[in-house]
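Chemist: Here you go, upload_6.cif (mmCIF, C-alpha atoms):
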```
data_structure
loop_
_atom_site.label_atom_id
_atom_site.label_comp_id
_atom_site.auth_asym_id
_atom_site.auth_seq_id
_atom_site.Cartn_x
_atom_site.Cartn_y
_atom_site.Cartn_z
CA MET V 1 -92.73 -18.17 -91.50
CA LYS V 2 -93.33 -14.95 -89.64
CA ASN V 3 -91.50 -16.28 -86.61
CA TYR V 4 -88.56 -17.37 -88.77
CA LEU V 5 -88.31 -13.87 -90.28
CA SER V 6 -88.58 -12.26 -86.93
CA ARG V 7 -85.79 -14.48 -85.52
CA SER V 8 -83.54 -13.79 -88.51
CA LEU V 9 -84.18 -10.09 -88.12
CA GLN V 10 -83.26 -10.29 -84.43
CA THR V 11 -80.06 -12.19 -85.23
CA THR V 12 -79.18 -9.72 -87.92
CA ILE V 13 -79.83 -6.76 -85.61
CA ILE V 14 -77.76 -8.32 -82.85
CA PHE V 15 -74.96 -9.08 -85.29
CA LEU V 16 -75.06 -5.55 -86.63
CA VAL V 17 -75.04 -4.04 -83.12
CA VAL V 18 -72.12 -6.24 -82.03
CA ALA V 19 -70.29 -5.55 -85.26
CA GLY V 20 -70.95 -1.87 -84.81
CA ILE V 21 -69.69 -1.91 -81.26
CA LEU V 22 -66.59 -3.81 -82.35
CA ALA V 23 -66.07 -1.39 -85.17
CA LEU V 24 -66.45 1.53 -82.79
CA ALA V 25 -64.10 -0.11 -80.27
CA LEU V 26 -61.47 -0.92 -82.88
CA SER V 27 -61.68 2.54 -84.27
CA GLY V 28 -61.18 4.02 -80.78
CA TYR V 29 -64.50 5.67 -80.30
CA LEU V 30 -65.27 3.59 -77.21
CA ASN V 31 -62.02 4.39 -75.33
CA PRO V 32 -63.60 6.81 -72.82
CA VAL V 33 -66.25 4.31 -71.96
CA SER V 34 -63.76 1.40 -71.72
CA ASN V 35 -61.43 3.53 -69.61
CA ILE V 36 -64.17 4.25 -67.13
CA PHE V 37 -65.08 0.61 -66.99
CA SER V 38 -61.55 -0.75 -66.78
CA GLY V 39 -60.57 1.93 -64.28
CA SER V 40 -63.37 0.95 -61.99
CA LEU V 41 -62.41 -2.65 -62.40
CA VAL V 42 -58.74 -1.98 -61.59
CA ASN V 43 -59.68 0.11 -58.59
CA PHE V 44 -61.89 -2.60 -57.28
CA GLN V 45 -59.22 -5.23 -57.89
CA THR V 46 -56.66 -3.08 -56.11
CA TRP V 47 -58.98 -2.66 -53.14
CA VAL V 48 -59.59 -6.40 -52.95
CA SER V 49 -55.91 -7.20 -53.35
CA THR V 50 -54.90 -4.71 -50.65
CA ARG V 51 -57.42 -6.08 -48.21
CA TYR V 52 -56.38 -9.62 -48.99
CA LEU V 53 -52.72 -8.87 -48.40
CA ALA V 54 -53.56 -7.05 -45.15
CA ILE V 55 -55.54 -10.02 -43.92
CA ALA V 56 -52.80 -12.41 -45.08
CA ASP V 57 -50.17 -10.33 -43.26
CA PHE V 58 -52.31 -10.26 -40.17
CA LEU V 59 -52.56 -14.01 -40.22
CA THR V 60 -48.93 -14.81 -41.12
CA VAL V 61 -46.80 -12.08 -39.45
CA PRO V 62 -46.92 -13.41 -35.89
CA ARG V 63 -45.44 -16.66 -37.08
CA ASP V 64 -42.76 -14.73 -38.99
CA VAL V 65 -41.90 -12.59 -35.95
CA ALA V 66 -41.32 -15.67 -33.88
CA ALA V 67 -39.14 -17.12 -36.59
CA LEU V 68 -37.30 -13.82 -36.99
CA ARG V 69 -36.73 -13.54 -33.29
CA GLN V 70 -35.27 -17.00 -33.19
CA ARG V 71 -33.09 -16.20 -36.17
CA ASN V 72 -32.04 -12.91 -34.58
CA ALA V 73 -31.08 -14.69 -31.39
CA GLU V 74 -29.07 -17.19 -33.39
CA LEU V 75 -27.29 -14.43 -35.25
CA GLU V 76 -26.59 -12.51 -32.05
CA ALA V 77 -25.14 -15.64 -30.50
CA GLU V 78 -23.03 -16.11 -33.60
CA ILE V 79 -21.85 -12.48 -33.40
CA SER V 80 -20.93 -12.92 -29.74
CA ARG V 81 -19.04 -16.09 -30.54
CA LEU V 82 -17.19 -14.40 -33.39
CA GLN V 83 -16.40 -11.35 -31.27
CA ALA V 84 -14.96 -13.60 -28.56
CA GLN V 85 -12.98 -15.36 -31.24
CA VAL V 86 -11.68 -12.04 -32.56
CA ILE V 87 -10.60 -10.95 -29.08
CA GLU V 88 -8.94 -14.31 -28.50
CA LEU V 89 -7.11 -14.07 -31.81
CA GLN V 90 -6.06 -10.48 -31.10
CA ASN V 91 -4.65 -11.61 -27.76
CA LYS V 92 -2.81 -14.43 -29.49
CA VAL V 93 -1.40 -12.03 -32.05
CA ALA V 94 -0.21 -9.69 -29.29
CA GLU V 95 1.28 -12.64 -27.40
CA THR V 96 2.95 -13.90 -30.55
CA ASP V 97 4.41 -10.45 -31.20
CA THR V 98 5.77 -10.33 -27.66
CA LEU V 99 7.22 -13.83 -27.93
CA ALA V 100 8.73 -13.02 -31.32
CA ALA V 101 10.41 -9.96 -29.82
CA LEU V 102 11.71 -12.06 -26.94
CA VAL V 103 13.03 -14.70 -29.35
CA ASP V 104 14.78 -11.99 -31.36
CA PHE V 105 16.25 -10.65 -28.15
CA SER V 106 17.50 -14.07 -27.03
CA ARG V 107 19.01 -14.69 -30.46
CA SER V 108 20.81 -11.39 -30.32
CA ASN V 109 22.25 -12.33 -26.91
CA PRO V 110 23.41 -15.91 -27.48
CA THR V 111 25.71 -15.95 -24.46
CA ASN V 112 22.74 -16.08 -22.11
CA THR V 113 20.30 -18.92 -21.67
CA TYR V 114 16.73 -17.82 -21.13
CA LYS V 115 13.60 -19.32 -19.68
CA ALA V 116 10.37 -17.53 -20.59
CA ALA V 117 7.79 -16.98 -17.88
CA ALA V 118 4.42 -15.29 -17.65
CA VAL V 119 3.71 -12.67 -15.03
CA ILE V 120 0.74 -14.03 -13.08
CA GLY V 121 0.48 -11.58 -10.22
CA ARG V 122 1.87 -8.76 -8.17
CA ASP V 123 2.88 -8.50 -4.57
CA PRO V 124 -0.16 -7.87 -2.37
CA SER V 125 1.71 -5.15 -0.48
CA PRO V 126 1.87 -1.75 -2.18
CA PHE V 127 5.17 -1.12 -0.38
CA LEU V 128 6.91 -3.71 -2.53
CA HIS V 129 7.43 -3.75 -6.28
CA TYR V 130 7.45 -7.48 -6.86
CA VAL V 131 5.80 -9.63 -9.49
CA ILE V 132 5.03 -13.33 -9.43
CA ILE V 133 5.97 -15.50 -12.42
CA ASN V 134 4.77 -18.97 -13.33
CA ARG V 135 8.19 -20.64 -13.39
CA GLY V 136 9.95 -21.96 -10.32
CA SER V 137 12.57 -24.36 -9.11
CA ASN V 138 10.98 -27.15 -11.16
CA ASP V 139 12.02 -25.18 -14.24
CA GLY V 140 15.54 -24.52 -13.04
CA ILE V 141 14.86 -21.07 -11.62
CA HIS V 142 16.99 -20.09 -8.63
CA ARG V 143 17.11 -17.13 -6.32
CA GLY V 144 19.15 -14.22 -7.66
CA MET V 145 18.72 -14.97 -11.36
CA PRO V 146 18.29 -11.80 -13.44
CA VAL V 147 14.99 -11.21 -15.22
CA VAL V 148 14.75 -9.24 -18.46
CA THR V 149 12.45 -8.52 -21.37
CA ASN V 150 13.42 -7.68 -24.91
CA GLN V 151 13.36 -4.03 -23.77
CA GLY V 152 15.76 -4.35 -20.88
CA LEU V 153 16.35 -5.27 -17.26
CA VAL V 154 13.31 -6.11 -15.13
CA GLY V 155 14.79 -7.30 -11.85
CA ARG V 156 15.93 -10.49 -10.22
CA VAL V 157 14.39 -13.56 -8.65
CA ASP V 158 13.82 -12.99 -4.96
CA ALA V 159 12.07 -16.16 -3.82
CA VAL V 160 11.29 -19.48 -5.50
CA ILE V 161 8.86 -22.33 -4.96
CA GLY V 162 8.27 -25.36 -7.17
CA GLY V 163 6.04 -23.81 -9.79
CA ALA V 164 6.41 -20.08 -9.26
CA ALA V 165 8.87 -17.39 -8.29
CA ARG V 166 8.75 -13.88 -6.95
CA VAL V 167 10.75 -11.27 -8.84
CA GLU V 168 12.00 -8.08 -7.25
CA LEU V 169 11.66 -5.29 -9.81
CA ILE V 170 14.46 -2.77 -10.14
CA THR V 171 11.91 -0.11 -9.10
CA ASP V 172 11.49 -1.69 -5.67
CA PRO V 173 12.69 0.58 -2.83
CA SER V 174 15.18 -2.08 -1.68
CA SER V 175 16.59 -2.68 -5.15
CA VAL V 176 20.14 -1.52 -5.87
CA VAL V 177 21.72 -2.05 -9.30
CA SER V 178 25.26 -1.15 -10.32
CA VAL V 179 24.98 0.69 -13.60
CA PHE V 180 27.33 2.14 -16.14
CA LEU V 181 26.45 5.30 -18.04
CA GLN V 182 27.43 4.67 -21.63
CA ASN V 183 28.13 8.22 -22.79
CA SER V 184 29.83 9.64 -19.73
CA GLY V 185 31.52 6.39 -18.75
CA ALA V 186 30.54 6.79 -15.11
CA ASP V 187 29.63 4.02 -12.68
CA ALA V 188 26.77 4.58 -10.28
CA LEU V 189 24.32 2.87 -8.01
CA MET V 190 20.75 2.90 -9.18
CA LYS V 191 18.12 2.65 -6.47
CA GLY V 192 14.39 2.10 -6.69
CA SER V 193 11.78 4.03 -4.75
CA VAL V 194 8.22 3.80 -3.52
CA SER V 195 7.01 5.91 -6.43
CA GLY V 196 8.77 3.68 -8.95
CA ASP V 197 11.39 6.25 -9.90
CA LEU V 198 14.96 5.08 -10.44
CA ASN V 199 17.58 7.31 -8.86
CA LEU V 200 21.30 7.29 -9.51
CA ASP V 201 23.40 7.64 -6.42
CA MET V 202 27.14 7.93 -5.69
CA LEU V 203 27.80 9.93 -8.85
CA SER V 204 30.96 11.98 -8.58
CA GLN V 205 30.62 15.72 -9.11
CA ASP V 206 33.40 15.53 -11.70
CA VAL V 207 31.39 13.38 -14.04
CA ASN V 208 29.56 15.19 -16.79
CA ILE V 209 26.17 13.53 -17.07
CA GLN V 210 23.73 14.53 -19.76
CA THR V 211 20.05 13.89 -20.10
CA GLY V 212 19.61 10.95 -22.44
CA ASP V 213 22.67 9.04 -21.26
CA VAL V 214 22.02 5.32 -21.58
CA ALA V 215 22.34 3.29 -18.39
CA LEU V 216 23.52 -0.31 -18.63
CA THR V 217 24.28 -2.82 -15.91
CA SER V 218 27.96 -2.69 -15.07
CA GLY V 219 28.23 -6.16 -13.57
CA LEU V 220 29.94 -4.75 -10.49
CA GLY V 221 28.88 -6.48 -7.32
CA GLY V 222 28.15 -9.70 -9.17
CA GLU V 223 24.37 -9.47 -8.87
CA TYR V 224 23.61 -8.77 -12.53
CA PRO V 225 25.44 -9.62 -15.73
CA PRO V 226 26.97 -6.60 -17.50
CA ASP V 227 25.57 -4.66 -20.44
CA LEU V 228 21.86 -5.17 -19.83
CA LEU V 229 19.93 -2.08 -20.87
CA VAL V 230 18.26 -0.36 -17.92
CA GLY V 231 17.10 3.04 -19.10
CA GLN V 232 18.03 6.61 -19.94
CA VAL V 233 18.94 9.50 -17.70
CA SER V 234 15.93 11.80 -17.63
CA ASN V 235 16.94 14.36 -15.04
CA VAL V 236 20.22 15.52 -13.45
CA ARG V 237 20.49 17.36 -10.12
CA LYS V 238 23.91 18.82 -9.51
CA ARG V 239 24.54 21.11 -6.53
CA GLU V 240 27.95 22.34 -5.54
CA SER V 241 27.23 21.85 -1.87
CA ASP V 242 26.57 18.11 -2.27
CA LEU V 243 29.25 15.46 -2.21
CA PHE V 244 27.63 13.57 -5.07
CA GLN V 245 25.33 14.59 -7.86
CA GLU V 246 22.02 12.83 -8.38
CA ALA V 247 20.14 11.76 -11.47
CA THR V 248 16.88 10.09 -12.36
CA VAL V 249 16.67 7.25 -14.84
CA GLN V 250 13.66 6.54 -17.01
CA PRO V 251 13.42 2.74 -17.28
CA VAL V 252 13.01 1.25 -20.74
CA VAL V 253 10.67 -1.43 -19.42
CA ASP V 254 7.04 -0.54 -18.86
CA PHE V 255 6.55 -2.24 -15.51
CA SER V 256 2.81 -1.66 -15.51
CA ARG V 257 2.40 -3.83 -18.60
CA LEU V 258 4.68 -6.74 -17.83
CA GLU V 259 3.21 -9.94 -19.27
CA ILE V 260 6.05 -12.20 -20.35
CA VAL V 261 9.62 -12.05 -19.07
CA LEU V 262 12.85 -13.96 -19.62
CA VAL V 263 14.84 -15.39 -16.75
CA ILE V 264 18.57 -15.68 -17.43
CA VAL V 265 19.10 -19.17 -16.08
CA ASN V 266 22.83 -19.54 -16.78
CA PHE V 267 23.77 -16.61 -14.56
CA ARG V 268 24.43 -17.15 -10.89
CA PRO V 269 24.93 -14.09 -8.71
CA VAL V 270 28.24 -13.84 -6.91
CA ASP V 271 28.11 -13.28 -3.17
CA ILE V 272 30.91 -10.81 -2.50
CA SER V 273 29.92 -10.07 1.06
CA PRO V 274 32.82 -12.15 2.51
CA LEU V 275 35.21 -9.98 0.50
CA VAL V 276 33.79 -6.73 1.82
CA PRO V 277 35.82 -5.60 4.80
CA ALA V 278 33.83 -5.33 7.99
CA SER V 279 33.31 -1.77 9.15
CA SER V 280 35.38 -0.83 12.15
CA PRO V 281 33.44 -0.25 15.39
CA MET G 282 -15.33 -27.84 11.51
CA ILE G 283 -16.67 -27.25 8.01
CA ARG G 284 -16.96 -23.56 8.78
CA LYS G 285 -13.27 -23.44 9.63
CA LEU G 286 -12.31 -25.49 6.59
CA LEU G 287 -14.27 -23.16 4.34
CA ALA G 288 -11.79 -20.45 5.24
CA PHE G 289 -9.14 -22.18 3.08
CA PRO G 290 -10.86 -21.93 -0.32
CA ILE G 291 -12.37 -18.54 0.44
CA LEU G 292 -9.15 -16.94 1.61
CA ALA G 293 -7.17 -18.64 -1.18
CA LEU G 294 -9.59 -17.05 -3.64
CA VAL G 295 -9.06 -13.71 -1.92
CA VAL G 296 -5.26 -14.06 -2.25
CA ILE G 297 -5.59 -14.94 -5.94
CA LEU G 298 -7.87 -11.98 -6.59
CA GLN G 299 -5.56 -9.72 -4.59
CA THR G 300 -2.38 -10.68 -6.45
CA THR G 301 -3.85 -10.93 -9.94
CA ILE G 302 -6.35 -8.08 -10.07
CA VAL G 303 -6.55 -5.83 -7.03
CA ALA G 304 -2.80 -5.27 -6.70
CA ARG G 305 -2.67 -4.10 -10.34
CA LEU G 306 -5.30 -1.41 -9.78
CA GLN G 307 -3.18 1.29 -8.25
CA LEU G 308 -3.87 4.82 -7.14
CA LEU G 309 -0.54 6.64 -7.02
CA SER G 310 1.48 3.79 -5.49
CA GLY G 311 -1.26 2.49 -3.22
CA SER G 312 -3.60 -0.38 -3.82
CA ALA G 313 -6.58 -1.87 -2.04
CA ASP G 314 -6.10 -4.69 0.46
CA LEU G 315 -8.87 -7.13 -0.29
CA MET G 316 -7.82 -9.49 2.50
CA LEU G 317 -7.99 -6.73 5.09
CA VAL G 318 -11.45 -5.62 4.04
CA VAL G 319 -12.72 -9.22 3.89
CA LEU G 320 -11.39 -9.96 7.38
CA ALA G 321 -12.86 -6.72 8.75
CA ALA G 322 -16.27 -7.45 7.23
CA TRP G 323 -16.14 -11.02 8.51
CA ALA G 324 -15.13 -10.05 12.04
CA LEU G 325 -17.86 -7.40 12.25
CA GLN G 326 -20.56 -10.07 12.23
CA GLU G 327 -21.64 -11.02 15.70
CA GLN G 328 -22.50 -14.62 14.92
CA VAL G 329 -19.08 -15.34 13.39
CA ASP G 330 -16.79 -17.24 15.74
CA THR G 331 -13.92 -17.95 13.36
CA ALA G 332 -12.65 -14.41 12.76
CA TRP G 333 -9.36 -14.99 14.59
CA HIS G 334 -8.70 -18.19 12.65
CA TRP G 335 -9.38 -16.35 9.42
CA ALA G 336 -6.95 -13.59 10.42
CA VAL G 337 -4.11 -16.03 11.10
CA LEU G 338 -4.81 -18.00 7.92
CA GLY G 339 -5.14 -14.84 5.84
CA GLY G 340 -1.91 -13.49 7.28
CA LEU G 341 -0.13 -16.74 6.48
CA MET G 342 -1.39 -16.80 2.91
CA ILE G 343 -0.62 -13.14 2.19
CA GLY G 344 2.74 -13.47 3.93
CA PHE G 345 3.55 -16.43 1.74
CA ALA G 346 2.76 -14.54 -1.46
CA SER G 347 4.26 -11.24 -0.36
CA GLY G 348 7.72 -9.99 0.41
CA VAL G 349 6.43 -8.45 3.63
CA PRO G 350 7.61 -10.45 6.67
CA LEU G 351 5.15 -13.09 7.77
CA VAL G 352 5.00 -11.78 11.30
CA ALA G 353 3.88 -8.40 9.98
CA THR G 354 0.99 -9.74 7.91
CA ILE G 355 -0.28 -12.04 10.66
CA SER G 356 0.00 -9.43 13.41
CA GLY G 357 -1.50 -6.77 11.11
CA TYR G 358 -4.58 -8.82 10.29
CA LEU G 359 -4.97 -9.91 13.91
CA ALA G 360 -4.95 -6.24 14.87
CA VAL G 361 -7.66 -5.50 12.31
CA VAL G 362 -9.83 -8.36 13.58
CA GLY G 363 -9.20 -7.24 17.16
CA LEU G 364 -10.32 -3.73 16.27
CA ALA G 365 -13.43 -5.08 14.57
CA ARG G 366 -14.32 -7.20 17.59
CA LEU G 367 -13.76 -4.22 19.84
CA VAL G 368 -16.03 -2.06 17.72
CA LEU G 369 -18.64 -4.83 17.61
CA LYS G 370 -18.91 -4.83 21.41
CA ARG G 371 -19.70 -1.10 21.36
CA VAL G 372 -23.00 -1.85 19.57
CA TRP G 373 -22.86 0.54 16.68
CA GLU G 374 -26.26 1.49 15.38
CA LEU G 375 -25.16 1.49 11.77
CA PRO G 376 -23.05 -1.56 10.86
CA ILE G 377 -21.85 0.16 7.72
CA LEU G 378 -20.36 2.97 9.80
CA ALA G 379 -18.55 0.36 11.86
CA MET G 380 -17.29 -1.20 8.65
CA PHE G 381 -15.95 2.12 7.38
CA PHE G 382 -14.39 2.89 10.75
CA VAL G 383 -12.65 -0.49 11.01
CA THR G 384 -11.49 -0.28 7.38
CA PHE G 385 -10.06 3.19 7.90
CA ILE G 386 -8.29 2.59 11.20
CA GLY G 387 -7.41 -1.00 10.31
CA THR G 388 -5.72 0.06 7.09
CA LEU G 389 -3.67 2.66 8.94
CA ILE G 390 -2.63 0.05 11.54
CA PHE G 391 -1.80 -2.61 8.95
CA GLN G 392 0.16 -0.24 6.73
CA THR G 393 2.06 1.09 9.72
CA ILE G 394 3.02 -2.44 10.76
CA SER G 395 4.09 -3.23 7.18
CA PHE G 396 6.11 -0.03 6.95
CA VAL G 397 7.87 -0.58 10.26
CA SER G 398 8.69 -4.20 9.46
CA LEU G 399 10.06 -3.32 6.02
CA ALA G 400 12.04 -0.39 7.37
CA ALA G 401 13.46 -2.67 10.04
CA SER G 402 14.53 -5.16 7.39
CA GLY G 403 16.45 -2.46 5.56
CA ASP G 404 14.08 -1.10 2.93
CA ALA G 405 14.77 2.56 2.20
CA ILE G 406 11.25 3.96 2.40
CA THR G 407 10.75 7.47 3.69
CA ILE G 408 7.76 8.05 5.93
CA ASN G 409 6.54 10.96 3.82
CA ASP G 410 6.51 8.89 0.64
CA ALA G 411 4.92 5.98 2.44
CA PHE G 412 2.13 8.13 3.82
CA SER G 413 1.34 10.23 0.76
CA LEU G 414 1.94 7.68 -1.99
CA ILE G 415 0.85 4.44 -0.35
CA VAL G 416 -1.07 4.75 2.90
CA LEU G 417 -3.58 7.45 1.99
CA PRO G 418 -4.42 6.07 -1.48
CA SER G 419 -4.72 2.59 0.01
CA VAL G 420 -7.11 3.86 2.67
CA LEU G 421 -9.25 5.48 0.00
CA LEU G 422 -9.32 2.34 -2.16
CA ASN G 423 -10.13 0.14 0.83
CA LEU G 424 -13.02 2.42 1.75
CA LEU G 425 -14.26 2.20 -1.84
CA ILE G 426 -14.45 -1.59 -1.78
CA ALA G 427 -15.66 -1.78 1.82
CA LEU G 428 -19.34 -1.46 0.96
CA PRO G 429 -19.65 -4.27 -1.63
CA ILE G 430 -17.31 -6.56 0.30
CA SER G 431 -19.33 -5.97 3.46
CA ALA G 432 -22.52 -7.00 1.66
CA ILE G 433 -20.91 -10.13 0.22
CA MET G 434 -19.41 -11.17 3.54
CA ARG G 435 -22.70 -10.55 5.32
CA ASP G 436 -24.46 -12.88 2.89
CA LEU G 437 -21.70 -15.42 3.39
CA GLY G 438 -22.06 -15.09 7.15
CA LEU G 439 -25.81 -15.62 6.98
CA TRP G 440 -25.25 -18.66 4.79
CA MET G 441 -22.66 -20.16 7.13
CA TYR G 442 -24.48 -19.33 10.36
CA PRO G 443 -28.18 -19.66 9.50
CA MET G 444 -29.35 -20.78 12.98
CA ASN G 445 -27.85 -17.78 14.68
CA GLU G 446 -29.57 -15.49 12.21
CA GLU G 447 -32.97 -16.99 12.96
CA LEU G 448 -32.46 -16.46 16.65
#
```
Could you render the structure as C-alpha cells?

Modeler:
Amino acid sequence: MKNYLSRSLQTTIIFLVVAGILALALSGYLNPVSNIFSGSLVNFQTWVSTRYLAIADFLTVPRDVAALRQRNAELEAEISRLQAQVIELQNKVAETDTLAALVDFSRSNPTNTYKAAAVIGRDPSPFLHYVIINRGSNDGIHRGMPVVTNQGLVGRVDAVIGGAARVELITDPSSVVSVFLQNSGADALMKGSVSGDLNLDMLSQDVNIQTGDVALTSGLGGEYPPDLLVGQVSNVRKRESDLFQEATVQPVVDFSRLEIVLVIVNFRPVDISPLVPASSP
Amino acid sequence: MIRKLLAFPILALVVILQTTIVARLQLLSGSADLMLVVLAAWALQEQVDTAWHWAVLGGLMIGFASGVPLVATISGYLAVVGLARLVLKRVWELPILAMFFVTFIGTLIFQTISFVSLAASGDAITINDAFSLIVLPSVLLNLLIALPISAIMRDLGLWMYPMNEEL
C-alpha cells in the first residue's frame, strides 16, 4: 500500500514537473534557456556540416578537376573549330563580294567576254611587276589578252602555259599603255616604273591637264580595248623648257591586293609593227 | 642519285614559296630571294656535292616562273654557288659569317645580272631606282632570312649526307 502511494506520488510529481515545464515553455519563460541550448546545437551542427563538406570536397574535387579539364579541352577545341569556321566564312563572304562586283562589272560591259582567274603568285624578280593567274591556254587564255578587275585595267597576259598565265601589270617598267584623258581630251602614253608609279609621257605642252583627270585606255596601238578605266591624274609637272609635260597617274586598282581578275578573252591585240615605218639609218 | 632527285621537290617548294609568299613581302620595291639564299646555304656545306646541279635546276625553275631571261637566272645562281664554293675553300672560322658574306655579295651579283639582262631586253629601269628601290632592300631582306635558312639547309645537308658528317 505504502509502495503504491509512493509510486503514485512520484508519478504525480513527475507529471506536475513536466506540466510545469511545458507551461513555462509555452508561456515563454524558458526561451533564454532554450536559446542557449538550441544555439549550441546549431553551432555544433554547423561545425559538423562544415567539416563534412570539407572532407567531401577533398575526396571528390580531384575527380571533378579531371572532368572539368577534359570538358575545358573539349570546349577549347570547339572554340578553335568555330573560330576557323568563322574565318573561313569571312573569307567566303569577301570572295563572294569580290565575285559579285566582278559579275556586276561584266554585266555592265556586255561587249566583252570575261574569264575569271585567281592570282596565285607574283614574279620572283622584284624588277618585274608580274602576277601569275590560275588560268591558261586550256581555258582559252592567249598572250596579249587584257586583264581587268571591276575597278579598272590590271595589265595584259604576257606568257601562257596550259593551266596558268603570267600577267604583266601596267605598273611594270616595260609596260606602255595608250591612254585618253577624259576631261582634257588628250592622248598620252602611260608608262610603268620600278616604284610602281604610272607616268604620262608625250603630253603636249598645249594641253591643259588638271589633277583628277580620269585616264582611260584609248585603244590606240591595238594592245588594249578602248575605254577601260586606268586611274586619275594625281600630279602634273609642266616646265616651259621641256618639249612635253609630264603627269603621274594614280591607278584605280590596288595592285598589292589583287586576288581575282577578269581576262577579256574576246579581245585579240593587233600587231601594228608591220605598219610602223622603219626608222631611217 | 636520290640526292640529286631530291633537288626537284625541294626546289619546286622553294619556287612555290617564293612566288606565293616571299615575293609579296616587299620592302620598298625589293623582295627577298629565297632561292638565292637556299642555294648559298646549300653550297656552303663542304659535304654537299650537288650544289652546281641545284643552281642550274633552281635557275631553270625561277626562269620558268619569272619574266627575267632564263640565261640570267641560271648564270646568276651559278655565280652565287661559285662564290659560296670559293668562300668555302678559304676556311672561314664562322660559317654564319660566310653565309652573310655570300648572301650579301651574291645578291648584288644576281641583281646586277638581272638588271643588265632586263635593260638589254628593253626595260626602262634607271640604275638609281634599281639600286635604291630594289637592290638594297633585297639585300637587307636576304640577310634577314639568311640565318634561319642556313640552319634549315644545314639540317637538310646533315640528313642527306650523314656519313660525311660522322667522318

Chemist: Convert the output of the PyMOL selection byres ((chain V and resi 122-129) around 6) on the shown file into explicit residues, formatted as a short mmCIF file (atom, residue, chain, number, x, y, z; two decimals) with C-alpha atoms, in the frame of the given file.

Modeler:
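What landed in part12.cif:
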```cif
data_model
loop_
_atom_site.label_atom_id
_atom_site.label_comp_id
_atom_site.auth_asym_id
_atom_site.auth_seq_id
_atom_site.Cartn_x
_atom_site.Cartn_y
_atom_site.Cartn_z
CA GLY V 121 0.48 -11.58 -10.22
CA TYR V 130 7.45 -7.48 -6.86
CA VAL V 131 5.80 -9.63 -9.49
CA ILE V 132 5.03 -13.33 -9.43
CA LEU V 169 11.66 -5.29 -9.81
CA ASP V 172 11.49 -1.69 -5.67
CA THR G 300 -2.38 -10.68 -6.45
CA ALA G 304 -2.80 -5.27 -6.70
CA GLY G 311 -1.26 2.49 -3.22
CA SER G 312 -3.60 -0.38 -3.82
CA SER G 347 4.26 -11.24 -0.36
#
```

Chemist: With the PyMOL selection byres ((chain V and resi 148-158) around 8) as the selection, what would be picked from this file? Answer as a short mmCIF file (atom, residue, chain, number, x, y, z; two decimals) with C-alpha atoms, in the coordinates of the input, please.

Modeler:
```cif
data_model
loop_
_atom_site.label_atom_id
_atom_site.label_comp_id
_atom_site.auth_asym_id
_atom_site.auth_seq_id
_atom_site.Cartn_x
_atom_site.Cartn_y
_atom_site.Cartn_z
CA ALA V 101 10.41 -9.96 -29.82
CA LEU V 102 11.71 -12.06 -26.94
CA ASP V 104 14.78 -11.99 -31.36
CA PHE V 105 16.25 -10.65 -28.15
CA SER V 106 17.50 -14.07 -27.03
CA HIS V 142 16.99 -20.09 -8.63
CA ARG V 143 17.11 -17.13 -6.32
CA GLY V 144 19.15 -14.22 -7.66
CA MET V 145 18.72 -14.97 -11.36
CA PRO V 146 18.29 -11.80 -13.44
CA VAL V 147 14.99 -11.21 -15.22
CA ALA V 159 12.07 -16.16 -3.82
CA VAL V 160 11.29 -19.48 -5.50
CA ALA V 165 8.87 -17.39 -8.29
CA ARG V 166 8.75 -13.88 -6.95
CA VAL V 167 10.75 -11.27 -8.84
CA GLU V 168 12.00 -8.08 -7.25
CA LEU V 169 11.66 -5.29 -9.81
CA ILE V 170 14.46 -2.77 -10.14
CA LEU V 228 21.86 -5.17 -19.83
CA LEU V 229 19.93 -2.08 -20.87
CA VAL V 230 18.26 -0.36 -17.92
CA GLY V 231 17.10 3.04 -19.10
CA VAL V 252 13.01 1.25 -20.74
CA VAL V 253 10.67 -1.43 -19.42
CA PHE V 255 6.55 -2.24 -15.51
CA ILE V 260 6.05 -12.20 -20.35
CA VAL V 261 9.62 -12.05 -19.07
CA LEU V 262 12.85 -13.96 -19.62
CA VAL V 263 14.84 -15.39 -16.75
CA ILE V 264 18.57 -15.68 -17.43
#
```

Chemist: Which is closer to V:Leu216 than all the others in V:Leu181, V:Val270, V:Leu198, V:Val249, using only C-alpha atoms?

Modeler: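 For V:Leu216, the nearest of the candidates is V:Leu181.
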
Chemist: Report as a PyMOL selection string the residues that result from applying the PyMOL selection byres ((chain G) within 10 of (chain V)) to the structure here.

Modeler: chain G and resi 296-307+309-316+343-344+346-349+354+392+395-396+399-400+402-407+410-411+414-416+419

Chemist: I want to know what sits within 9 Å of stretch 425-427 of chain G, based on only C-alpha atoms, with residues of the same chain fewer than 5 positions away left out; could you give that as a PyMOL selection string?

Modeler: chain G and resi 313+315+318-319+321-322+377+380-381+384+420+432

Chemist: So how far away is atom CA of G:Ser431 from atom CA of G:Ala324, in Å?

Modeler: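 Interatomic distance here is 10.4 Å.
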
Chemist: Calculated over only C-alpha atoms, which of the candidates G:Leu325, G:Leu364, G:Ala332, G:Leu389 has the smallest distance to G:Ala288?

Modeler: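 Distance minimum relative to G:Ala288 lands on G:Ala332.
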
Chemist: Go through G:Val361, G:Leu351, G:Gly438, G:Asn423 one by one, measure the shortest atom-to-atom distance of each to G:Asp330 using only C-alpha atoms, and give the residue with the smallest value.

Modeler: G:Gly438

Chemist: Rank V:Ser273, V:Asp57, V:Ala23, V:Pro225 by their smallest atom-to-atom distance to V:Asn109, using only C-alpha atoms, and report the top residue only.

Modeler: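 Closest candidate: V:Pro225.
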
Chemist: Skipping near chain neighbours, those fewer than 3 positions away, what residues fall within 6 Å of V:Met190 using all atoms listed in the file, listed as an MDAnalysis selection string?

Modeler: chainID V and resid 176:177 199:200

Chemist: Figure out the distance between atom CA of G:Leu424 and atom CA of G:Phe385, please, to one decimal in Å.

Modeler: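 Straight-line distance from atom CA of G:Phe385 to atom CA of G:Leu424 works out to 6.9 Å.
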
Chemist: Skipping near chain neighbours, those fewer than 4 positions away, what residues fall within 10 Å of V:Ser178 using only C-alpha atoms, listed as a list in words?

Modeler: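 Once the nearby chain positions are removed, what remains is Asp187, Ala188, Leu189, Met190, Lys191, Leu200, Asp201, Ala215, Leu216, Thr217, Ser218, Gly219, Leu220, Gly221, Gly222, Glu223, Tyr224 and Pro226 of chain V.
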